[in-house]
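Have a look at model-v5.cif below; it lists mmCIF, C-alpha atoms.
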```
data_structure
loop_
_atom_site.group_PDB
_atom_site.id
_atom_site.type_symbol
_atom_site.label_atom_id
_atom_site.label_comp_id
_atom_site.auth_asym_id
_atom_site.auth_seq_id
_atom_site.Cartn_x
_atom_site.Cartn_y
_atom_site.Cartn_z
ATOM 1 C CA MET A 27 -77.756 4.271 -6.747
ATOM 2 C CA ASP A 28 -77.726 2.681 -10.204
ATOM 3 C CA LYS A 29 -77.297 6.143 -11.751
ATOM 4 C CA LEU A 30 -74.459 6.952 -9.377
ATOM 5 C CA ALA A 31 -72.802 3.611 -10.091
ATOM 6 C CA ALA A 32 -72.991 4.363 -13.806
ATOM 7 C CA ILE A 33 -71.308 7.725 -13.260
ATOM 8 C CA PHE A 34 -68.566 6.152 -11.133
ATOM 9 C CA SER A 35 -67.995 3.466 -13.747
ATOM 10 C CA LYS A 36 -67.005 6.208 -16.224
ATOM 11 C CA ILE A 37 -64.394 7.811 -13.952
ATOM 12 C CA PRO A 38 -60.893 7.251 -15.422
ATOM 13 C CA TRP A 39 -59.533 5.853 -12.157
ATOM 14 C CA THR A 40 -56.214 4.664 -13.598
ATOM 15 C CA SER A 41 -55.615 7.523 -16.036
ATOM 16 C CA PHE A 42 -52.423 9.603 -16.034
ATOM 17 C CA GLY A 43 -54.272 12.485 -17.718
ATOM 18 C CA ARG A 44 -54.369 13.734 -21.288
ATOM 19 C CA GLU A 45 -51.171 13.813 -23.315
ATOM 20 C CA THR A 46 -49.362 17.155 -23.369
ATOM 21 C CA PRO A 47 -45.931 18.327 -24.562
ATOM 22 C CA ILE A 48 -44.761 17.970 -20.955
ATOM 23 C CA SER A 49 -46.147 14.450 -20.505
ATOM 24 C CA ARG A 50 -44.311 13.463 -23.694
ATOM 25 C CA LEU A 51 -41.108 14.984 -22.329
ATOM 26 C CA ALA A 52 -41.620 13.086 -19.063
ATOM 27 C CA LYS A 53 -40.988 9.814 -20.936
ATOM 28 C CA SER A 54 -37.404 10.969 -21.559
ATOM 29 C CA ILE A 55 -36.659 11.770 -17.894
ATOM 30 C CA LEU A 56 -35.494 8.850 -15.746
ATOM 31 C CA PRO A 57 -34.420 8.316 -12.143
ATOM 32 C CA VAL A 58 -30.842 7.149 -11.719
ATOM 33 C CA GLY A 59 -29.370 5.567 -8.632
ATOM 34 C CA ASN A 60 -28.090 2.460 -6.897
ATOM 35 C CA HIS A 61 -29.885 -0.834 -6.440
ATOM 36 C CA PHE A 62 -28.393 -3.570 -4.299
ATOM 37 C CA GLY A 63 -30.841 -6.365 -5.063
ATOM 38 C CA VAL A 64 -32.534 -5.978 -8.409
ATOM 39 C CA HIS A 65 -35.412 -8.453 -8.747
ATOM 40 C CA LYS A 66 -34.760 -10.748 -11.696
ATOM 41 C CA HIS A 67 -37.680 -12.121 -13.675
ATOM 42 C CA GLN A 68 -37.346 -14.559 -16.524
ATOM 43 C CA SER A 69 -37.287 -11.750 -19.087
ATOM 44 C CA GLY A 70 -34.873 -9.390 -17.367
ATOM 45 C CA GLU A 71 -34.328 -7.111 -14.419
ATOM 46 C CA THR A 72 -37.972 -6.163 -14.151
ATOM 47 C CA ILE A 73 -40.638 -5.969 -11.477
ATOM 48 C CA SER A 74 -44.363 -5.564 -12.013
ATOM 49 C CA SER A 75 -46.483 -3.125 -10.034
ATOM 50 C CA HIS A 76 -48.637 -6.138 -9.098
ATOM 51 C CA ASP A 77 -45.753 -8.034 -7.514
ATOM 52 C CA ALA A 78 -45.579 -8.369 -3.751
ATOM 53 C CA GLY A 79 -42.967 -6.013 -2.348
ATOM 54 C CA PHE A 80 -43.049 -3.756 -5.399
ATOM 55 C CA GLU A 81 -42.330 -0.707 -3.215
ATOM 56 C CA ASP A 82 -39.268 -2.375 -1.715
ATOM 57 C CA TRP A 83 -37.678 -2.632 -5.145
ATOM 58 C CA ILE A 84 -37.685 1.099 -5.859
ATOM 59 C CA MET A 85 -34.005 1.938 -6.075
ATOM 60 C CA ASP A 86 -32.050 4.459 -4.041
ATOM 61 C CA ILE A 87 -32.514 7.434 -6.377
ATOM 62 C CA GLN A 88 -29.414 9.660 -6.459
ATOM 63 C CA GLY A 89 -30.595 12.064 -9.134
ATOM 64 C CA THR A 90 -32.248 12.600 -12.480
ATOM 65 C CA ALA A 91 -31.051 11.862 -16.020
ATOM 66 C CA PHE A 92 -32.591 12.456 -19.432
ATOM 67 C CA GLN A 93 -32.171 10.624 -22.714
ATOM 68 C CA CYS A 94 -30.162 12.507 -25.347
ATOM 69 C CA GLY A 95 -29.322 9.788 -27.841
ATOM 70 C CA SER A 96 -28.749 6.060 -28.176
ATOM 71 C CA GLY A 97 -27.164 4.882 -24.935
ATOM 72 C CA LYS A 98 -26.529 8.444 -23.701
ATOM 73 C CA LEU A 99 -28.206 10.218 -20.789
ATOM 74 C CA LEU A 100 -27.230 13.609 -19.407
ATOM 75 C CA THR A 101 -26.993 14.290 -15.679
ATOM 76 C CA CYS A 102 -24.810 16.192 -13.225
ATOM 77 C CA TRP A 103 -21.247 15.105 -12.589
ATOM 78 C CA HIS A 104 -21.918 14.956 -8.851
ATOM 79 C CA VAL A 105 -24.728 12.475 -9.572
ATOM 80 C CA CYS A 106 -22.324 10.330 -11.630
ATOM 81 C CA GLN A 107 -19.909 10.261 -8.708
ATOM 82 C CA ALA A 108 -22.646 9.010 -6.357
ATOM 83 C CA LEU A 109 -23.284 5.922 -8.501
ATOM 84 C CA GLU A 110 -21.876 2.461 -7.748
ATOM 85 C CA VAL A 111 -20.910 1.823 -11.367
ATOM 86 C CA LYS A 112 -17.730 -0.191 -10.737
ATOM 87 C CA ASN A 113 -19.556 -2.484 -8.319
ATOM 88 C CA GLY A 114 -22.382 -3.056 -10.786
ATOM 89 C CA HIS A 115 -25.101 -1.434 -8.688
ATOM 90 C CA ALA A 116 -25.850 1.689 -10.795
ATOM 91 C CA TYR A 117 -29.087 1.700 -12.776
ATOM 92 C CA ILE A 118 -31.590 3.802 -14.621
ATOM 93 C CA GLN A 119 -35.241 2.889 -14.145
ATOM 94 C CA ALA A 120 -37.653 2.909 -17.087
ATOM 95 C CA ASP A 121 -41.311 2.066 -17.639
ATOM 96 C CA THR A 122 -42.235 -1.127 -19.429
ATOM 97 C CA VAL A 123 -45.042 -3.693 -19.552
ATOM 98 C CA PHE A 124 -44.552 -7.170 -18.074
ATOM 99 C CA ASN A 125 -47.197 -9.861 -18.636
ATOM 100 C CA GLY A 126 -49.704 -7.159 -19.512
ATOM 101 C CA SER A 127 -49.124 -5.088 -16.360
ATOM 102 C CA PRO A 128 -47.211 -1.832 -15.816
ATOM 103 C CA ALA A 129 -43.695 -2.556 -14.648
ATOM 104 C CA LYS A 130 -40.258 -1.061 -14.100
ATOM 105 C CA THR A 131 -37.106 -2.343 -15.752
ATOM 106 C CA TYR A 132 -33.684 -1.587 -14.322
ATOM 107 C CA TYR A 133 -30.997 -1.042 -16.956
ATOM 108 C CA PRO A 134 -27.379 -1.019 -15.749
ATOM 109 C CA VAL A 135 -25.209 2.064 -16.176
ATOM 110 C CA THR A 136 -21.947 0.771 -17.628
ATOM 111 C CA GLY A 137 -19.915 3.977 -17.409
ATOM 112 C CA TYR A 138 -19.909 7.751 -17.361
ATOM 113 C CA ILE A 139 -17.963 10.559 -19.001
ATOM 114 C CA ASN A 140 -16.952 13.884 -17.477
ATOM 115 C CA PHE A 141 -17.554 17.120 -19.327
ATOM 116 C CA ILE A 142 -14.857 18.092 -21.814
ATOM 117 C CA ASP A 143 -14.666 21.827 -22.363
ATOM 118 C CA HIS A 144 -13.761 22.409 -25.997
ATOM 119 C CA ARG A 145 -12.715 25.965 -25.236
ATOM 120 C CA HIS A 146 -9.618 24.404 -23.672
ATOM 121 C CA GLY A 147 -9.698 20.821 -24.991
ATOM 122 C CA MET A 148 -9.719 19.251 -21.526
ATOM 123 C CA GLY A 149 -11.976 18.397 -18.609
ATOM 124 C CA ASN A 150 -13.526 21.244 -16.674
ATOM 125 C CA PRO A 151 -14.593 20.409 -13.077
ATOM 126 C CA SER A 152 -16.298 23.801 -12.809
ATOM 127 C CA VAL A 153 -19.017 22.579 -15.186
ATOM 128 C CA ASP A 154 -21.176 20.051 -13.304
ATOM 129 C CA VAL A 155 -22.085 17.855 -16.279
ATOM 130 C CA GLY A 156 -21.643 14.196 -17.073
ATOM 131 C CA VAL A 157 -23.013 11.603 -19.491
ATOM 132 C CA LEU A 158 -24.176 8.166 -18.411
ATOM 133 C CA ILE A 159 -23.409 5.337 -20.815
ATOM 134 C CA CYS A 160 -26.287 2.881 -20.863
ATOM 135 C CA PRO A 161 -26.387 0.789 -24.081
ATOM 136 C CA VAL A 162 -29.878 -0.606 -23.541
ATOM 137 C CA ARG A 163 -31.070 -3.733 -25.311
ATOM 138 C CA SER A 164 -34.681 -3.369 -26.401
ATOM 139 C CA THR A 165 -36.512 -6.645 -26.986
ATOM 140 C CA ASP A 166 -40.024 -7.518 -28.153
ATOM 141 C CA SER A 167 -41.034 -8.454 -24.606
ATOM 142 C CA HIS A 168 -39.270 -5.498 -22.975
ATOM 143 C CA LYS A 169 -39.220 -2.510 -25.273
ATOM 144 C CA TYR A 170 -37.096 0.439 -24.207
ATOM 145 C CA GLN A 171 -39.534 3.254 -24.896
ATOM 146 C CA VAL A 172 -37.494 6.269 -23.791
ATOM 147 C CA PRO A 173 -37.246 8.865 -26.573
ATOM 148 C CA ALA A 174 -34.488 11.432 -26.827
ATOM 149 C CA VAL A 175 -35.454 14.931 -25.703
ATOM 150 C CA ARG A 176 -36.122 17.712 -28.170
ATOM 151 C CA TRP A 177 -33.764 20.638 -27.681
ATOM 152 C CA GLY A 178 -34.699 24.307 -27.612
ATOM 153 C CA ASP A 179 -32.564 27.377 -28.289
ATOM 154 C CA SER A 180 -31.227 28.525 -24.916
ATOM 155 C CA THR A 181 -29.394 31.477 -26.490
ATOM 156 C CA GLN A 182 -32.765 33.159 -26.985
ATOM 157 C CA VAL A 183 -33.888 32.829 -23.343
ATOM 158 C CA GLY A 184 -34.410 36.083 -21.445
ATOM 159 C CA ILE A 185 -35.201 37.237 -17.925
ATOM 160 C CA GLY A 186 -38.883 36.773 -17.105
ATOM 161 C CA ASP A 187 -39.402 33.842 -19.482
ATOM 162 C CA ARG A 188 -41.606 31.129 -17.994
ATOM 163 C CA VAL A 189 -40.009 27.700 -17.672
ATOM 164 C CA LEU A 190 -40.607 24.354 -15.975
ATOM 165 C CA ILE A 191 -38.078 22.161 -14.227
ATOM 166 C CA GLY A 192 -38.664 18.422 -14.027
ATOM 167 C CA GLY A 193 -37.058 15.505 -12.240
ATOM 168 C CA TYR A 194 -37.161 13.395 -9.094
ATOM 169 C CA PRO A 195 -37.060 15.715 -6.065
ATOM 170 C CA LEU A 196 -36.531 13.943 -2.717
ATOM 171 C CA GLY A 197 -35.577 10.779 -4.596
ATOM 172 C CA ARG A 198 -37.109 7.508 -3.439
ATOM 173 C CA GLU A 199 -38.861 9.051 -0.447
ATOM 174 C CA LEU A 200 -41.243 11.086 -2.621
ATOM 175 C CA PHE A 201 -42.943 7.891 -3.804
ATOM 176 C CA LEU A 202 -43.263 6.280 -0.385
ATOM 177 C CA THR A 203 -44.386 9.205 1.793
ATOM 178 C CA ALA A 204 -48.144 9.033 1.206
ATOM 179 C CA ALA A 205 -50.294 6.296 2.701
ATOM 180 C CA THR A 206 -52.007 5.712 -0.663
ATOM 181 C CA ASN A 207 -51.046 5.915 -4.357
ATOM 182 C CA ARG A 208 -47.604 4.690 -3.412
ATOM 183 C CA GLY A 209 -44.793 3.464 -5.605
ATOM 184 C CA ILE A 210 -45.809 5.321 -8.788
ATOM 185 C CA VAL A 211 -42.421 6.612 -9.901
ATOM 186 C CA GLN A 212 -42.709 9.485 -12.371
ATOM 187 C CA PRO A 213 -41.031 12.886 -12.756
ATOM 188 C CA THR A 214 -42.406 15.934 -10.963
ATOM 189 C CA PHE A 215 -42.504 19.381 -12.585
ATOM 190 C CA TYR A 216 -42.203 22.845 -11.021
ATOM 191 C CA ASP A 217 -43.176 26.172 -12.510
ATOM 192 C CA GLY A 218 -40.896 29.225 -12.448
ATOM 193 C CA ILE A 219 -39.373 32.062 -14.416
ATOM 194 C CA ILE A 220 -35.847 32.905 -15.459
ATOM 195 C CA SER A 221 -35.089 35.256 -12.572
ATOM 196 C CA ALA A 222 -31.525 36.081 -13.644
ATOM 197 C CA ILE A 223 -28.925 35.072 -16.209
ATOM 198 C CA LEU A 224 -25.390 34.794 -14.923
ATOM 199 C CA PRO A 225 -22.770 35.274 -17.656
ATOM 200 C CA ALA A 226 -19.396 33.590 -17.444
ATOM 201 C CA THR A 227 -16.815 35.894 -15.890
ATOM 202 C CA ARG A 228 -13.821 33.543 -16.167
ATOM 203 C CA PRO A 229 -12.652 31.188 -18.936
ATOM 204 C CA GLU A 230 -13.512 28.046 -16.941
ATOM 205 C CA GLU A 231 -17.047 29.160 -16.096
ATOM 206 C CA THR A 232 -20.288 28.469 -17.921
ATOM 207 C CA ARG A 233 -23.225 30.767 -18.372
ATOM 208 C CA LEU A 234 -26.001 29.900 -15.905
ATOM 209 C CA PHE A 235 -29.746 30.359 -15.678
ATOM 210 C CA GLN A 236 -31.182 31.319 -12.302
ATOM 211 C CA ILE A 237 -34.763 30.096 -11.915
ATOM 212 C CA SER A 238 -37.411 31.065 -9.357
ATOM 213 C CA SER A 239 -38.089 27.518 -8.148
ATOM 214 C CA VAL A 240 -36.816 25.286 -5.359
ATOM 215 C CA ALA A 241 -34.343 22.497 -6.163
ATOM 216 C CA LEU A 242 -34.832 19.608 -3.747
ATOM 217 C CA GLY A 243 -32.374 16.731 -3.536
ATOM 218 C CA GLY A 244 -32.862 14.221 -6.362
ATOM 219 C CA ILE A 245 -33.730 16.787 -9.016
ATOM 220 C CA SER A 246 -30.057 17.338 -9.884
ATOM 221 C CA GLY A 247 -29.748 16.485 -13.561
ATOM 222 C CA GLY A 248 -33.375 17.408 -14.188
ATOM 223 C CA VAL A 249 -34.569 19.244 -17.263
ATOM 224 C CA VAL A 250 -35.356 22.908 -17.713
ATOM 225 C CA CYS A 251 -37.909 23.220 -20.486
ATOM 226 C CA THR A 252 -40.204 25.679 -22.179
ATOM 227 C CA ALA A 253 -43.651 25.438 -20.617
ATOM 228 C CA ASP A 254 -45.576 25.449 -23.894
ATOM 229 C CA THR A 255 -43.492 23.109 -26.077
ATOM 230 C CA GLY A 256 -41.519 20.906 -23.657
ATOM 231 C CA ARG A 257 -38.270 21.634 -25.474
ATOM 232 C CA VAL A 258 -35.236 21.312 -23.223
ATOM 233 C CA ILE A 259 -33.228 24.505 -22.737
ATOM 234 C CA GLY A 260 -31.118 23.522 -19.733
ATOM 235 C CA MET A 261 -30.238 21.111 -16.933
ATOM 236 C CA VAL A 262 -30.656 21.660 -13.189
ATOM 237 C CA THR A 263 -27.394 21.523 -11.244
ATOM 238 C CA SER A 264 -28.022 23.053 -7.818
ATOM 239 C CA GLY A 265 -30.149 25.265 -5.609
ATOM 240 C CA LEU A 266 -29.809 27.498 -2.580
ATOM 241 C CA SER A 267 -30.906 26.789 0.982
ATOM 242 C CA VAL A 268 -30.552 28.559 4.329
ATOM 243 C CA GLU A 269 -30.587 26.502 7.521
ATOM 244 C CA ASN A 270 -31.943 23.493 5.604
ATOM 245 C CA VAL A 271 -34.792 25.549 4.112
ATOM 246 C CA SER A 272 -34.786 25.456 0.310
ATOM 247 C CA LEU A 273 -35.096 28.846 -1.364
ATOM 248 C CA PRO A 274 -36.779 29.483 -4.731
ATOM 249 C CA ILE A 275 -33.402 29.847 -6.415
ATOM 250 C CA THR A 276 -32.286 27.094 -8.773
ATOM 251 C CA TYR A 277 -29.275 27.109 -11.085
ATOM 252 C CA ALA A 278 -29.157 25.431 -14.484
ATOM 253 C CA ILE A 279 -26.666 25.014 -17.313
ATOM 254 C CA PRO A 280 -28.143 26.115 -20.679
ATOM 255 C CA SER A 281 -28.607 23.655 -23.518
ATOM 256 C CA GLU A 282 -26.187 25.598 -25.736
ATOM 257 C CA VAL A 283 -23.426 24.033 -23.604
ATOM 258 C CA LEU A 284 -24.992 20.583 -23.253
ATOM 259 C CA GLN A 285 -26.281 19.674 -26.695
ATOM 260 C CA PRO A 286 -23.157 19.991 -28.873
ATOM 261 C CA TRP A 287 -21.053 18.102 -26.342
ATOM 262 C CA VAL A 288 -23.421 15.157 -25.842
ATOM 263 C CA ASP A 289 -24.143 14.940 -29.578
ATOM 264 C CA ALA A 290 -20.406 14.542 -30.237
ATOM 265 C CA ILE A 291 -20.048 11.548 -27.888
ATOM 266 C CA SER A 292 -19.875 8.097 -29.455
ATOM 267 C CA PHE A 293 -18.832 4.741 -28.056
ATOM 268 C CA VAL A 294 -18.483 1.059 -28.936
ATOM 269 C CA THR A 295 -20.229 -1.697 -26.993
ATOM 270 C CA GLU A 296 -18.623 -5.039 -26.082
ATOM 271 C CA GLU A 297 -20.373 -6.528 -29.106
ATOM 272 C CA GLY A 298 -18.479 -4.052 -31.268
ATOM 273 C CA LYS A 299 -21.511 -2.014 -32.232
ATOM 274 C CA GLY A 300 -21.031 1.751 -32.474
ATOM 275 C CA LYS A 301 -23.299 4.242 -30.783
#
```

As structure tokens, how would this structure be written, given the file I've shared?
Amino acid sequence: MDKLAAIFSKIPWTSFGRETPISRLAKSILPVGNHFGVHKHQSGETISSHDAGFEDWIMDIQGTAFQCGSGKLLTCWHVCQALEVKNGHAYIQADTVFNGSPAKTYYPVTGYINFIDHRHGMGNPSVDVGVLICPVRSTDSHKYQVPAVRWGDSTQVGIGDRVLIGGYPLGRELFLTAATNRGIVQPTFYDGIISAILPATRPEETRLFQISSVALGGISGGVVCTADTGRVIGMVTSGLSVENVSLPITYAIPSEVLQPWVDAISFVTEEGKGK
């Protein structure tokens, strides 16, 4: 038994696995949703995984967003519209450490911007893209450790290329379904290939990737990335289902549309600091 105990003592019980390009990308992908009772600790809107009722404080996840620059996160426009921004209930949820323990901090979403199509110089509702404005304050006690994604070249993607999609399918329920290992909120990744590329046929349309993977509710706004490097080449917008059965057909907007638009966005905070 002593030998067995020694073996068990070496098992990495609390490990999240070795670091990979995808695990690094995962740090940039956050759940976004509404929270109607954020728990306030002395150092901010944070709750530790050791706190009683930790599961109850997981927010109502409406979709997925990913960091693209200081204070800017990309998601779908229909996710933006589901957020209670005006009422002050819209948040992103990020990992942090509180009193030496893993914790979640809820950062308020202060606004969002609809996609502007520079082919026409105006908004384009046919392109399901929006940017969340979240000018996060990072402090010594609560560091905001969410890096911006690394972009890939979506113009070079072809049919049959292997990709991954990542986000928060099923929203809050995914993290509360199992009897054990509950409340660990992290993005989930699916494997697929580019099954078709749909070119724009009208001036208001965008080119789309069709991917051989299911798109469950909550993954809207999730990343499409290269499987080997984790570089982002698109964003999930929708999927197909028949009689409530999800089909392995997911649609995504390529990064060639997303990156130049989000990079051009700047804003000024209430303190007068530019972003």

Check what the PyMOL selection byres ((chain A and resi 118-120) around 10) selects in the file above and give those residues as a VMD selection string. chain A and resid 53 to 61 72 84 to 85 87 89 to 92 99 116 to 117 121 to 122 129 to 135 158 160 169 to 172 211 to 212

For this file, the PyMOL selection byres ((chain A and resi 287) around 10) selects which residues, as number ranges by chain? A: 141-144, 157, 281-286, 288-291

On this structure, which residues satisfy the PyMOL selection byres ((chain A and resi 269-277) around 7), written as a PyMOL selection string? chain A and resi 234-241+262-268+278

Take atom CA of A:Val249 and atom CA of A:Val294 and report the distance between them in Å, one decimal.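 Rounded to one decimal, the two atoms are 26.9 Å apart.
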
Name the closest residue to A:Thr181 among the candidates A:Gly260, A:Gly156, A:Pro213, A:Gly149; distances are taken between atoms, counting only C-alpha atoms.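 With only C-alpha atoms as the atom set, the closest residue is A:Gly260.
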